[in-house]
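Text of my_file18.pdb, listed as PDB, C-alpha atoms:
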ATOM      1  CA  MET A 113     179.730  31.902 179.120
ATOM      2  CA  LYS A 114     180.884  35.155 177.777
ATOM      3  CA  ASP A 115     179.326  38.551 177.568
ATOM      4  CA  THR A 116     179.126  39.660 181.154
ATOM      5  CA  THR A 117     182.650  38.623 181.989
ATOM      6  CA  LYS A 118     184.237  39.830 178.811
ATOM      7  CA  SER A 119     185.883  43.053 179.842
ATOM      8  CA  PRO A 120     188.373  42.418 182.626
ATOM      9  CA  GLY A 121     190.902  44.779 184.175
ATOM     10  CA  PRO A 122     190.433  48.326 183.049
ATOM     11  CA  GLN A 123     186.840  48.370 184.184
ATOM     12  CA  SER A 124     187.495  47.768 187.841
ATOM     13  CA  PRO A 125     187.815  50.856 190.075
ATOM     14  CA  MET A 126     191.277  49.850 191.236
ATOM     15  CA  ASP A 127     192.624  50.370 187.781
ATOM     16  CA  ALA A 128     191.329  53.900 187.458
ATOM     17  CA  GLY A 129     194.267  56.222 187.015
ATOM     18  CA  THR A 130     196.801  53.553 186.119
ATOM     19  CA  LYS A 131     197.818  52.772 182.589
ATOM     20  CA  PRO A 132     195.492  50.069 181.347
ATOM     21  CA  GLU A 133     198.026  48.500 178.947
ATOM     22  CA  LYS A 134     200.523  48.092 181.699
ATOM     23  CA  THR A 135     198.024  46.391 183.956
ATOM     24  CA  ASP A 136     196.878  44.171 181.129
ATOM     25  CA  ALA A 137     200.403  43.166 180.267
ATOM     26  CA  LYS A 138     201.179  42.275 183.842
ATOM     27  CA  LEU A 139     197.916  40.445 184.203
ATOM     28  CA  GLY A 140     198.667  38.637 180.955
ATOM     29  CA  ARG A 141     202.051  37.510 182.186
ATOM     30  CA  ASP A 142     200.638  36.413 185.515
ATOM     31  CA  ILE A 143     197.942  34.419 183.848
ATOM     32  CA  GLN A 144     200.319  32.838 181.339
ATOM     33  CA  ALA A 145     202.620  31.804 184.163
ATOM     34  CA  LYS A 146     199.658  30.340 185.988
ATOM     35  CA  ILE A 147     198.472  28.527 182.883
ATOM     36  CA  GLY A 148     201.875  26.944 182.337
ATOM     37  CA  GLN A 149     202.172  25.956 185.954
ATOM     38  CA  GLN A 150     198.716  24.428 186.198
ATOM     39  CA  LEU A 151     199.016  22.631 182.896
ATOM     40  CA  ARG A 152     202.194  20.945 184.053
ATOM     41  CA  ALA A 153     200.754  20.201 187.483
ATOM     42  CA  LEU A 154     197.737  18.527 185.919
ATOM     43  CA  TYR A 155     199.909  16.531 183.536
ATOM     44  CA  ASP A 156     202.531  15.577 186.091
ATOM     45  CA  ASP A 157     199.821  14.391 188.395
ATOM     46  CA  VAL A 158     199.173  11.567 185.923
ATOM     47  CA  VAL A 159     202.839  11.049 185.069
ATOM     48  CA  ASN A 160     203.631  10.612 188.758
ATOM     49  CA  GLN A 161     201.228   7.687 188.921
ATOM     50  CA  GLY A 162     203.944   5.742 187.121
ATOM     51  CA  VAL A 163     203.236   2.660 185.026
ATOM     52  CA  PRO A 164     200.000   0.907 185.991
ATOM     53  CA  ASP A 165     200.309  -2.871 186.368
ATOM     54  CA  ARG A 166     198.196  -3.587 183.323
ATOM     55  CA  PHE A 167     200.814  -2.063 181.042
ATOM     56  CA  ALA A 168     203.794  -3.632 182.754
ATOM     57  CA  ASP A 169     201.991  -6.990 182.575
ATOM     58  CA  LEU A 170     201.142  -6.437 178.935
ATOM     59  CA  LEU A 171     204.745  -5.843 177.975
ATOM     60  CA  ASN A 172     205.978  -8.758 180.047
ATOM     61  CA  ARG A 173     203.399 -11.075 178.528
ATOM     62  CA  LEU A 174     204.312 -10.050 175.003
ATOM     63  CA  ASP A 175     207.913 -10.593 175.822
ATOM     64  CA  LYS A 176     207.485 -14.269 176.660
ATOM     65  CA  PRO A 177     205.580 -16.170 173.949
ATOM     66  CA  GLY A 178     207.346 -16.692 170.650
ATOM     67  CA  ASP A 179     210.568 -16.048 172.411
ATOM     68  CA  LYS A 180     212.715 -18.006 170.003
ATOM     69  CA  GLU A 181     216.163 -17.318 171.197
ATOM     70  CA  SER A 182     216.647 -16.103 174.693
ATOM     71  CA  ARG A 183     218.837 -13.144 175.187
TER      72      ARG A 183
ATOM     73  CA  MET B 253     209.102 -11.955 168.207
ATOM     74  CA  ALA B 254     211.151 -11.329 171.272
ATOM     75  CA  LEU B 255     211.199  -7.792 172.455
ATOM     76  CA  ASP B 256     214.577  -6.307 172.967
ATOM     77  CA  ALA B 257     214.995  -5.351 176.598
ATOM     78  CA  SER B 258     216.142  -1.847 175.805
ATOM     79  CA  VAL B 259     213.141  -1.327 173.528
ATOM     80  CA  ARG B 260     210.784  -2.631 176.172
ATOM     81  CA  ASP B 261     212.299  -0.341 178.755
ATOM     82  CA  ALA B 262     211.986   2.634 176.443
ATOM     83  CA  VAL B 263     208.332   1.814 175.806
ATOM     84  CA  LEU B 264     207.635   1.396 179.500
ATOM     85  CA  ALA B 265     209.368   4.653 180.301
ATOM     86  CA  ALA B 266     207.055   6.460 177.904
ATOM     87  CA  VAL B 267     203.863   5.014 179.399
ATOM     88  CA  PRO B 268     203.252   7.592 182.164
ATOM     89  CA  SER B 269     203.503  10.473 179.742
ATOM     90  CA  LEU B 270     201.450   8.636 177.115
ATOM     91  CA  ARG B 271     198.684   8.234 179.672
ATOM     92  CA  ALA B 272     198.740  11.902 180.569
ATOM     93  CA  PHE B 273     198.488  12.811 176.897
ATOM     94  CA  ALA B 274     195.748  10.235 176.311
ATOM     95  CA  ILE B 275     193.723  11.635 179.198
ATOM     96  CA  SER B 276     193.987  15.104 177.728
ATOM     97  CA  LEU B 277     192.654  13.745 174.432
ATOM     98  CA  CYS B 278     189.942  11.455 175.780
ATOM     99  CA  GLY B 279     188.882  13.389 178.829
ATOM    100  CA  ASN B 280     188.326  10.107 180.603
ATOM    101  CA  VAL B 281     190.832   7.944 182.438
ATOM    102  CA  ASP B 282     189.357   4.573 181.516
ATOM    103  CA  ARG B 283     189.095   5.345 177.821
ATOM    104  CA  ALA B 284     192.555   6.855 177.946
ATOM    105  CA  ASP B 285     194.002   3.664 179.396
ATOM    106  CA  ASP B 286     192.301   1.611 176.693
ATOM    107  CA  LEU B 287     193.778   3.956 174.133
ATOM    108  CA  VAL B 288     197.233   3.520 175.630
ATOM    109  CA  GLN B 289     196.833  -0.248 175.628
ATOM    110  CA  GLU B 290     195.824  -0.313 171.962
ATOM    111  CA  THR B 291     198.679   2.035 171.179
ATOM    112  CA  LEU B 292     201.195  -0.273 172.835
ATOM    113  CA  LEU B 293     199.853  -3.299 170.957
ATOM    114  CA  ARG B 294     200.097  -1.453 167.673
ATOM    115  CA  ALA B 295     203.528  -0.142 168.449
ATOM    116  CA  LEU B 296     204.871  -3.564 169.347
ATOM    117  CA  ALA B 297     203.306  -5.127 166.272
ATOM    118  CA  ASN B 298     205.162  -2.536 164.206
ATOM    119  CA  ILE B 299     208.273  -2.270 166.287
ATOM    120  CA  ASN B 300     210.408  -2.901 163.216
ATOM    121  CA  SER B 301     209.361   0.431 161.812
ATOM    122  CA  PHE B 302     210.830   2.184 164.827
ATOM    123  CA  ARG B 303     214.217   3.563 163.941
ATOM    124  CA  PRO B 304     216.638   2.962 166.803
ATOM    125  CA  GLY B 305     218.214   6.157 167.981
ATOM    126  CA  THR B 306     215.123   8.232 167.249
ATOM    127  CA  ASN B 307     212.738   9.452 169.893
ATOM    128  CA  MET B 308     210.685   6.493 171.157
ATOM    129  CA  SER B 309     208.353   8.768 173.045
ATOM    130  CA  ALA B 310     207.533  10.864 169.960
ATOM    131  CA  TRP B 311     206.998   7.699 167.931
ATOM    132  CA  LEU B 312     204.512   6.327 170.478
ATOM    133  CA  PHE B 313     202.733   9.682 170.788
ATOM    134  CA  THR B 314     202.285   9.710 167.023
ATOM    135  CA  ILE B 315     200.760   6.233 167.010
ATOM    136  CA  LEU B 316     198.486   7.106 169.913
ATOM    137  CA  ARG B 317     197.297  10.297 168.301
ATOM    138  CA  ASN B 318     196.637   8.651 164.942
ATOM    139  CA  HIS B 319     194.720   5.849 166.575
ATOM    140  CA  PHE B 320     192.720   8.318 168.614
ATOM    141  CA  ARG B 321     191.900  10.310 165.501
ATOM    142  CA  SER B 322     190.742   7.327 163.521
ATOM    143  CA  GLU B 323     188.826   5.493 166.246
ATOM    144  CA  TYR B 324     188.140   7.430 169.352
ATOM    145  CA  ARG B 325     186.831  10.682 168.074
ATOM    146  CA  LYS B 326     183.779   9.050 166.609
ATOM    147  CA  ARG B 327     183.116   7.106 169.782
ATOM    148  CA  ARG B 328     183.720  10.117 171.917
ATOM    149  CA  ARG B 329     181.172  12.161 170.079
ATOM    150  CA  GLU B 330     178.631   9.484 170.798
ATOM    151  CA  VAL B 331     179.169   9.241 174.510
ATOM    152  CA  GLU B 332     180.467  12.610 175.543
ATOM    153  CA  ASP B 333     178.342  14.456 178.003
ATOM    154  CA  SER B 334     178.444  18.158 177.463
ATOM    155  CA  ASP B 335     180.925  20.193 179.421
ATOM    156  CA  GLY B 336     182.634  19.243 182.609
ATOM    157  CA  SER B 337     183.246  15.605 181.728
ATOM    158  CA  TYR B 338     186.955  16.168 181.404
ATOM    159  CA  ALA B 339     187.112  17.945 184.696
ATOM    160  CA  GLU B 340     185.004  15.425 186.537
ATOM    161  CA  THR B 341     186.607  12.236 185.388
ATOM    162  CA  LEU B 342     190.184  13.049 186.185
ATOM    163  CA  LYS B 343     191.103  11.194 189.314
ATOM    164  CA  SER B 344     193.199  13.796 190.930
ATOM    165  CA  HIS B 345     193.043  15.780 194.084
ATOM    166  CA  PRO B 346     193.304  19.489 193.534
ATOM    167  CA  GLU B 347     193.801  20.243 197.180
ATOM    168  CA  GLN B 348     197.112  18.386 197.111
ATOM    169  CA  HIS B 349     198.496  20.996 194.818
ATOM    170  CA  GLY B 350     197.395  23.869 196.940
ATOM    171  CA  HIS B 351     195.648  25.392 193.958
ATOM    172  CA  VAL B 352     192.207  26.397 194.921
ATOM    173  CA  GLU B 353     191.453  27.144 191.309
ATOM    174  CA  PHE B 354     192.773  23.886 189.873
ATOM    175  CA  GLY B 355     189.299  22.720 189.015
ATOM    176  CA  GLU B 356     188.689  25.960 187.148
ATOM    177  CA  PHE B 357     191.753  25.337 185.068
ATOM    178  CA  ARG B 358     190.576  21.881 184.070
ATOM    179  CA  ALA B 359     187.212  23.236 183.104
ATOM    180  CA  ALA B 360     188.883  25.924 180.997
ATOM    181  CA  LEU B 361     191.166  23.387 179.346
ATOM    182  CA  ALA B 362     188.193  21.212 178.516
ATOM    183  CA  LYS B 363     186.622  24.132 176.658
ATOM    184  CA  LEU B 364     189.477  24.443 174.161
ATOM    185  CA  PRO B 365     189.076  23.058 170.661
ATOM    186  CA  PRO B 366     190.817  19.638 170.502
ATOM    187  CA  ASP B 367     193.520  20.789 168.073
ATOM    188  CA  GLN B 368     194.530  23.619 170.356
ATOM    189  CA  ARG B 369     194.444  21.570 173.536
ATOM    190  CA  GLU B 370     196.552  18.881 171.939
ATOM    191  CA  ALA B 371     199.182  21.361 170.747
ATOM    192  CA  LEU B 372     199.301  23.099 174.112
ATOM    193  CA  VAL B 373     199.709  19.830 176.012
ATOM    194  CA  LEU B 374     202.450  18.525 173.721
ATOM    195  CA  VAL B 375     204.481  21.721 173.938
ATOM    196  CA  GLY B 376     203.540  23.016 177.368
ATOM    197  CA  ALA B 377     203.393  19.793 179.364
ATOM    198  CA  SER B 378     204.909  16.857 177.472
ATOM    199  CA  GLY B 379     207.998  18.909 176.787
ATOM    200  CA  PHE B 380     208.164  18.376 173.026
ATOM    201  CA  SER B 381     209.678  21.027 170.832
ATOM    202  CA  TYR B 382     207.448  22.795 168.302
ATOM    203  CA  GLU B 383     209.136  20.702 165.614
ATOM    204  CA  GLU B 384     208.439  17.425 167.404
ATOM    205  CA  ALA B 385     204.859  18.433 168.126
ATOM    206  CA  ALA B 386     204.392  19.315 164.454
ATOM    207  CA  SER B 387     205.716  15.927 163.461
ATOM    208  CA  ILE B 388     203.413  14.161 165.932
ATOM    209  CA  CYS B 389     200.418  16.114 164.682
ATOM    210  CA  ASP B 390     201.489  15.861 161.052
ATOM    211  CA  CYS B 391     201.249  19.578 160.430
ATOM    212  CA  ALA B 392     203.498  22.581 159.906
ATOM    213  CA  VAL B 393     205.521  24.050 162.752
ATOM    214  CA  GLY B 394     203.747  27.376 162.231
ATOM    215  CA  THR B 395     200.405  25.662 162.679
ATOM    216  CA  ILE B 396     201.487  24.261 166.029
ATOM    217  CA  LYS B 397     202.731  27.672 167.121
ATOM    218  CA  SER B 398     199.506  29.367 166.243
ATOM    219  CA  ARG B 399     197.437  26.656 167.921
ATOM    220  CA  VAL B 400     199.489  26.986 171.098
ATOM    221  CA  ASN B 401     199.115  30.755 171.016
ATOM    222  CA  ARG B 402     195.397  30.582 170.484
ATOM    223  CA  ALA B 403     195.081  28.028 173.267
ATOM    224  CA  ARG B 404     196.980  30.280 175.665
ATOM    225  CA  THR B 405     194.955  33.316 174.718
ATOM    226  CA  ARG B 406     191.689  31.489 175.135
ATOM    227  CA  LEU B 407     192.712  30.012 178.476
ATOM    228  CA  ALA B 408     193.786  33.442 179.651
ATOM    229  CA  GLU B 409     190.360  34.790 178.721
ATOM    230  CA  LEU B 410     188.638  32.004 180.571
ATOM    231  CA  MET B 411     190.873  32.309 183.597
ATOM    232  CA  SER B 412     190.941  36.078 183.837
ATOM    233  CA  ILE B 413     187.457  35.788 185.242
ATOM    234  CA  GLU B 414     188.841  34.191 188.357
ATOM    235  CA  SER B 415     192.107  36.026 188.615
ATOM    236  CA  MET B 416     190.276  39.344 188.549
ATOM    237  CA  ASP B 417     188.962  38.361 191.927
ATOM    238  CA  ASP B 418     192.450  38.854 193.269
ATOM    239  CA  PHE B 419     192.544  42.453 192.140
ATOM    240  CA  GLY B 420     189.041  43.750 191.982
ATOM    241  CA  PRO B 421     187.112  45.024 194.966
ATOM    242  CA  ASP B 422     183.871  43.659 193.588
ATOM    243  CA  ARG B 423     184.836  40.135 194.364
ATOM    244  CA  ALA B 424     181.491  39.049 195.689
ATOM    245  CA  THR B 425     179.597  40.473 192.731
ATOM    246  CA  ARG B 426     181.888  38.791 190.320
ATOM    247  CA  ALA B 427     181.666  35.482 192.110
ATOM    248  CA  ILE B 428     177.919  35.627 191.804
ATOM    249  CA  LEU B 429     178.157  36.447 188.124
ATOM    250  CA  VAL B 430     180.494  33.561 187.517
ATOM    251  CA  ARG B 431     178.376  31.195 189.528
ATOM    252  CA  ASN B 432     175.228  32.152 187.698
ATOM    253  CA  GLU B 433     176.847  31.521 184.380
ATOM    254  CA  ARG B 434     177.812  28.064 185.350
ATOM    255  CA  VAL B 435     174.327  26.984 186.308
TER     256      VAL B 435
END

Just give me the structure as structure tokens.
Amino acid sequence: MKDTTKSPGPQSPMDAGTKPEKTDAKLGRDIQAKIGQQLRALYDDVVNQGVPDRFADLLNRLDKPGDKESR
Amino acid sequence: MALDASVRDAVLAAVPSLRAFAISLCGNVDRADDLVQETLLRALANINSFRPGTNMSAWLFTILRNHFRSEYRKRRREVEDSDGSYAETLKSHPEQHGHVEFGEFRAALAKLPPDQREALVLVGASGFSYEEAASICDCAVGTIKSRVNRARTRLAELMSIESMDDFGPDRATRAILVRNERV
């Protein structure tokens, strides 16, 4: 997964005549924004599932036994 | 020992984020949930070492990461199928996000070295500062920064393959190239 896809922007005909660095910088920013956005979306997808029952049950169970003095 | 209600609530509140982090480490929801469960048991057994007023979430992340390092990495190496396992096992629905390329992102993320992925997730998704992430990973702040930078650079490389489709006229050719590489 490498060689053939290595060189991105400047190679494509659309970029001919424009300043490569500028295109790269813009592309870089676009991609970084996309990376940040997708990373959070992926993460938040799990976060939004909330607390599964098994963990709520676990904490409730641990809370009960050995409960010397009740609060 | 009875668990203080405020402590229990703080632990519970951290669970969703702990799971998301665990999934990014394990690459598998079921193993991640086991890891979270073991983390919670350890945390509660050592709850006296938690200093009230400090960040409960960071404390739990640290325990989870240490436990993962000592136990899960070995196991993971034994059972891990090559690439794509992380992408395949996440029970999520990309279409809900309207990101056609969501699956590509997961695949790219799965290709990162574990140290880099971990740093990127802690800083870029969990919302920890570089300092907190460094403390969780028991390394220097500069190390976290460089791992995050390398992770971003590598992801950009991996993803520029797809995003070039948006700009380049040779979309079809490129799609074929990409597809062939994946086979």

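For the pair CA of Ala310 in chain B and CA of Gln289 in chain B, the interatomic distance is 16.4 Å.
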
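Of the listed residues A:Ala168, A:Leu139, A:Val159, A:Leu151, the one whose atoms come nearest to Arg369 in chain B is A:Leu151, with distances taken using only C-alpha atoms.
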
Practice item. Decode the PyMOL selection byres ((chain B and resi 315-320) around 8) for the given file into explicit residues and return them as a PyMOL selection string. Key: chain B and resi 270+274+277+287-288+291+294-295+311-314+321-325+388-389

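For the pair CA of Pro164 in chain A and CA of Gly379 in chain B, the separation is 21.7 Å.
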
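Between CA of Pro366 in chain B and CA of Val400 in chain B the interatomic distance comes to 11.4 Å.
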
As a check of understanding, name the residues that the PyMOL selection byres ((chain A and resi 162) around 12) selects in the supplied structure, as a PDB file with C-alpha atoms, in the frame of the given file.
ATOM      1  CA  ASP A 156     202.531  15.577 186.091  1.00  0.00           C
ATOM      2  CA  ASP A 157     199.821  14.391 188.395  1.00  0.00           C
ATOM      3  CA  VAL A 158     199.173  11.567 185.923  1.00  0.00           C
ATOM      4  CA  VAL A 159     202.839  11.049 185.069  1.00  0.00           C
ATOM      5  CA  ASN A 160     203.631  10.612 188.758  1.00  0.00           C
ATOM      6  CA  GLN A 161     201.228   7.687 188.921  1.00  0.00           C
ATOM      7  CA  VAL A 163     203.236   2.660 185.026  1.00  0.00           C
ATOM      8  CA  PRO A 164     200.000   0.907 185.991  1.00  0.00           C
ATOM      9  CA  ASP A 165     200.309  -2.871 186.368  1.00  0.00           C
ATOM     10  CA  ARG A 166     198.196  -3.587 183.323  1.00  0.00           C
ATOM     11  CA  PHE A 167     200.814  -2.063 181.042  1.00  0.00           C
ATOM     12  CA  ALA A 168     203.794  -3.632 182.754  1.00  0.00           C
TER      13      ALA A 168
ATOM     14  CA  LEU B 264     207.635   1.396 179.500  1.00  0.00           C
ATOM     15  CA  ALA B 265     209.368   4.653 180.301  1.00  0.00           C
ATOM     16  CA  ALA B 266     207.055   6.460 177.904  1.00  0.00           C
ATOM     17  CA  VAL B 267     203.863   5.014 179.399  1.00  0.00           C
ATOM     18  CA  PRO B 268     203.252   7.592 182.164  1.00  0.00           C
ATOM     19  CA  SER B 269     203.503  10.473 179.742  1.00  0.00           C
ATOM     20  CA  LEU B 270     201.450   8.636 177.115  1.00  0.00           C
ATOM     21  CA  ARG B 271     198.684   8.234 179.672  1.00  0.00           C
ATOM     22  CA  ALA B 272     198.740  11.902 180.569  1.00  0.00           C
TER      23      ALA B 272
END

Exercise for review: Go through B:Asn300, B:Asn401, B:Thr306, B:Ser276 one by one, measure the shortest atom-to-atom distance of each to Ser378 in chain B using all atoms listed in the file, and give the residue with the smallest value.
Suggested key: B:Ser276

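Proximity of A:Ile147, A:Ala137, A:Asp169, A:Leu174 to Leu372 in chain B, computed with all atoms listed in the file, is greatest for A:Ile147.
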
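Ranking B:Ser258, B:Thr405, B:Ser412, B:Asn307 by their shortest atom-to-atom distance to Glu356 in chain B, with only C-alpha atoms included, puts B:Ser412 first.
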
Review point. What does the PyMOL selection byres ((chain B and resi 407) around 12) select in this file, as a PyMOL selection string?
Key: (chain A and resi 140+143-148+150-151) or (chain B and resi 356-365+368-369+372+400-406+408-415)

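With only C-alpha atoms as the atoms that count, the minimum distance from chain A to the choices B:Lys397, B:Ala297, B:Tyr382, B:Ala377 is reached by B:Ala377.
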
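Each of B:Gly355, B:Gly376, B:Gly279, B:Pro304 was checked against Gln149 in chain A using only C-alpha atoms; the smallest atom-to-atom distance is that of B:Gly376.
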
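Once Ala385 in chain B and its same-chain neighbours fewer than 2 positions away are set aside, Ala310, Ala371, Leu374, Val375, Phe380, Ser381, Tyr382, Glu383, Ser387, Ile388, Cys389, Asp390, Cys391, Val393 and Ile396 of chain B remain within 9 Å of it when counting all atoms listed in the file.
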
Complete the atoms of range 154-173 of chain A to N, CA and C atoms and put them out as a compact mmCIF listing (two decimals), keeping the file's coordinate frame.
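What follows is the written file result-v7.txt:
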# COMPACT_ATOMS: atom_id res chain seq x y z
N LEU A 154 198.79 19.46 186.31
CA LEU A 154 197.74 18.53 185.92
C LEU A 154 198.34 17.31 185.22
N TYR A 155 199.25 17.58 184.33
CA TYR A 155 199.91 16.53 183.54
C TYR A 155 200.79 15.66 184.43
N ASP A 156 201.59 16.32 185.24
CA ASP A 156 202.53 15.58 186.09
C ASP A 156 201.82 14.73 187.13
N ASP A 157 200.62 15.15 187.46
CA ASP A 157 199.82 14.39 188.40
C ASP A 157 199.60 12.97 187.85
N VAL A 158 199.36 12.88 186.56
CA VAL A 158 199.17 11.57 185.92
C VAL A 158 200.52 10.87 185.75
N VAL A 159 201.50 11.63 185.28
CA VAL A 159 202.84 11.05 185.07
C VAL A 159 203.37 10.42 186.36
N ASN A 160 203.12 11.10 187.48
CA ASN A 160 203.63 10.61 188.76
C ASN A 160 202.95 9.33 189.24
N GLN A 161 201.87 8.96 188.57
CA GLN A 161 201.23 7.69 188.92
C GLN A 161 202.05 6.51 188.40
N GLY A 162 203.06 6.80 187.60
CA GLY A 162 203.94 5.74 187.12
C GLY A 162 203.28 4.84 186.08
N VAL A 163 203.76 3.62 185.99
CA VAL A 163 203.24 2.66 185.03
C VAL A 163 202.26 1.72 185.72
N PRO A 164 200.97 1.82 185.38
CA PRO A 164 200.00 0.91 185.99
C PRO A 164 200.35 -0.55 185.64
N ASP A 165 199.97 -1.45 186.55
CA ASP A 165 200.31 -2.87 186.37
C ASP A 165 199.87 -3.42 185.02
N ARG A 166 198.71 -2.98 184.55
CA ARG A 166 198.20 -3.59 183.32
C ARG A 166 199.16 -3.41 182.15
N PHE A 167 199.90 -2.31 182.16
CA PHE A 167 200.81 -2.06 181.04
C PHE A 167 202.14 -2.79 181.23
N ALA A 168 202.58 -2.86 182.48
CA ALA A 168 203.79 -3.63 182.75
C ALA A 168 203.53 -5.10 182.44
N ASP A 169 202.36 -5.60 182.85
CA ASP A 169 201.99 -6.99 182.58
C ASP A 169 201.91 -7.25 181.08
N LEU A 170 201.30 -6.29 180.39
CA LEU A 170 201.14 -6.44 178.94
C LEU A 170 202.50 -6.61 178.26
N LEU A 171 203.42 -5.78 178.62
CA LEU A 171 204.74 -5.84 177.98
C LEU A 171 205.50 -7.11 178.37
N ASN A 172 205.32 -7.52 179.61
CA ASN A 172 205.98 -8.76 180.05
C ASN A 172 205.39 -9.98 179.35
N ARG A 173 204.07 -9.95 179.19
CA ARG A 173 203.40 -11.08 178.53
C ARG A 173 203.85 -11.18 177.08
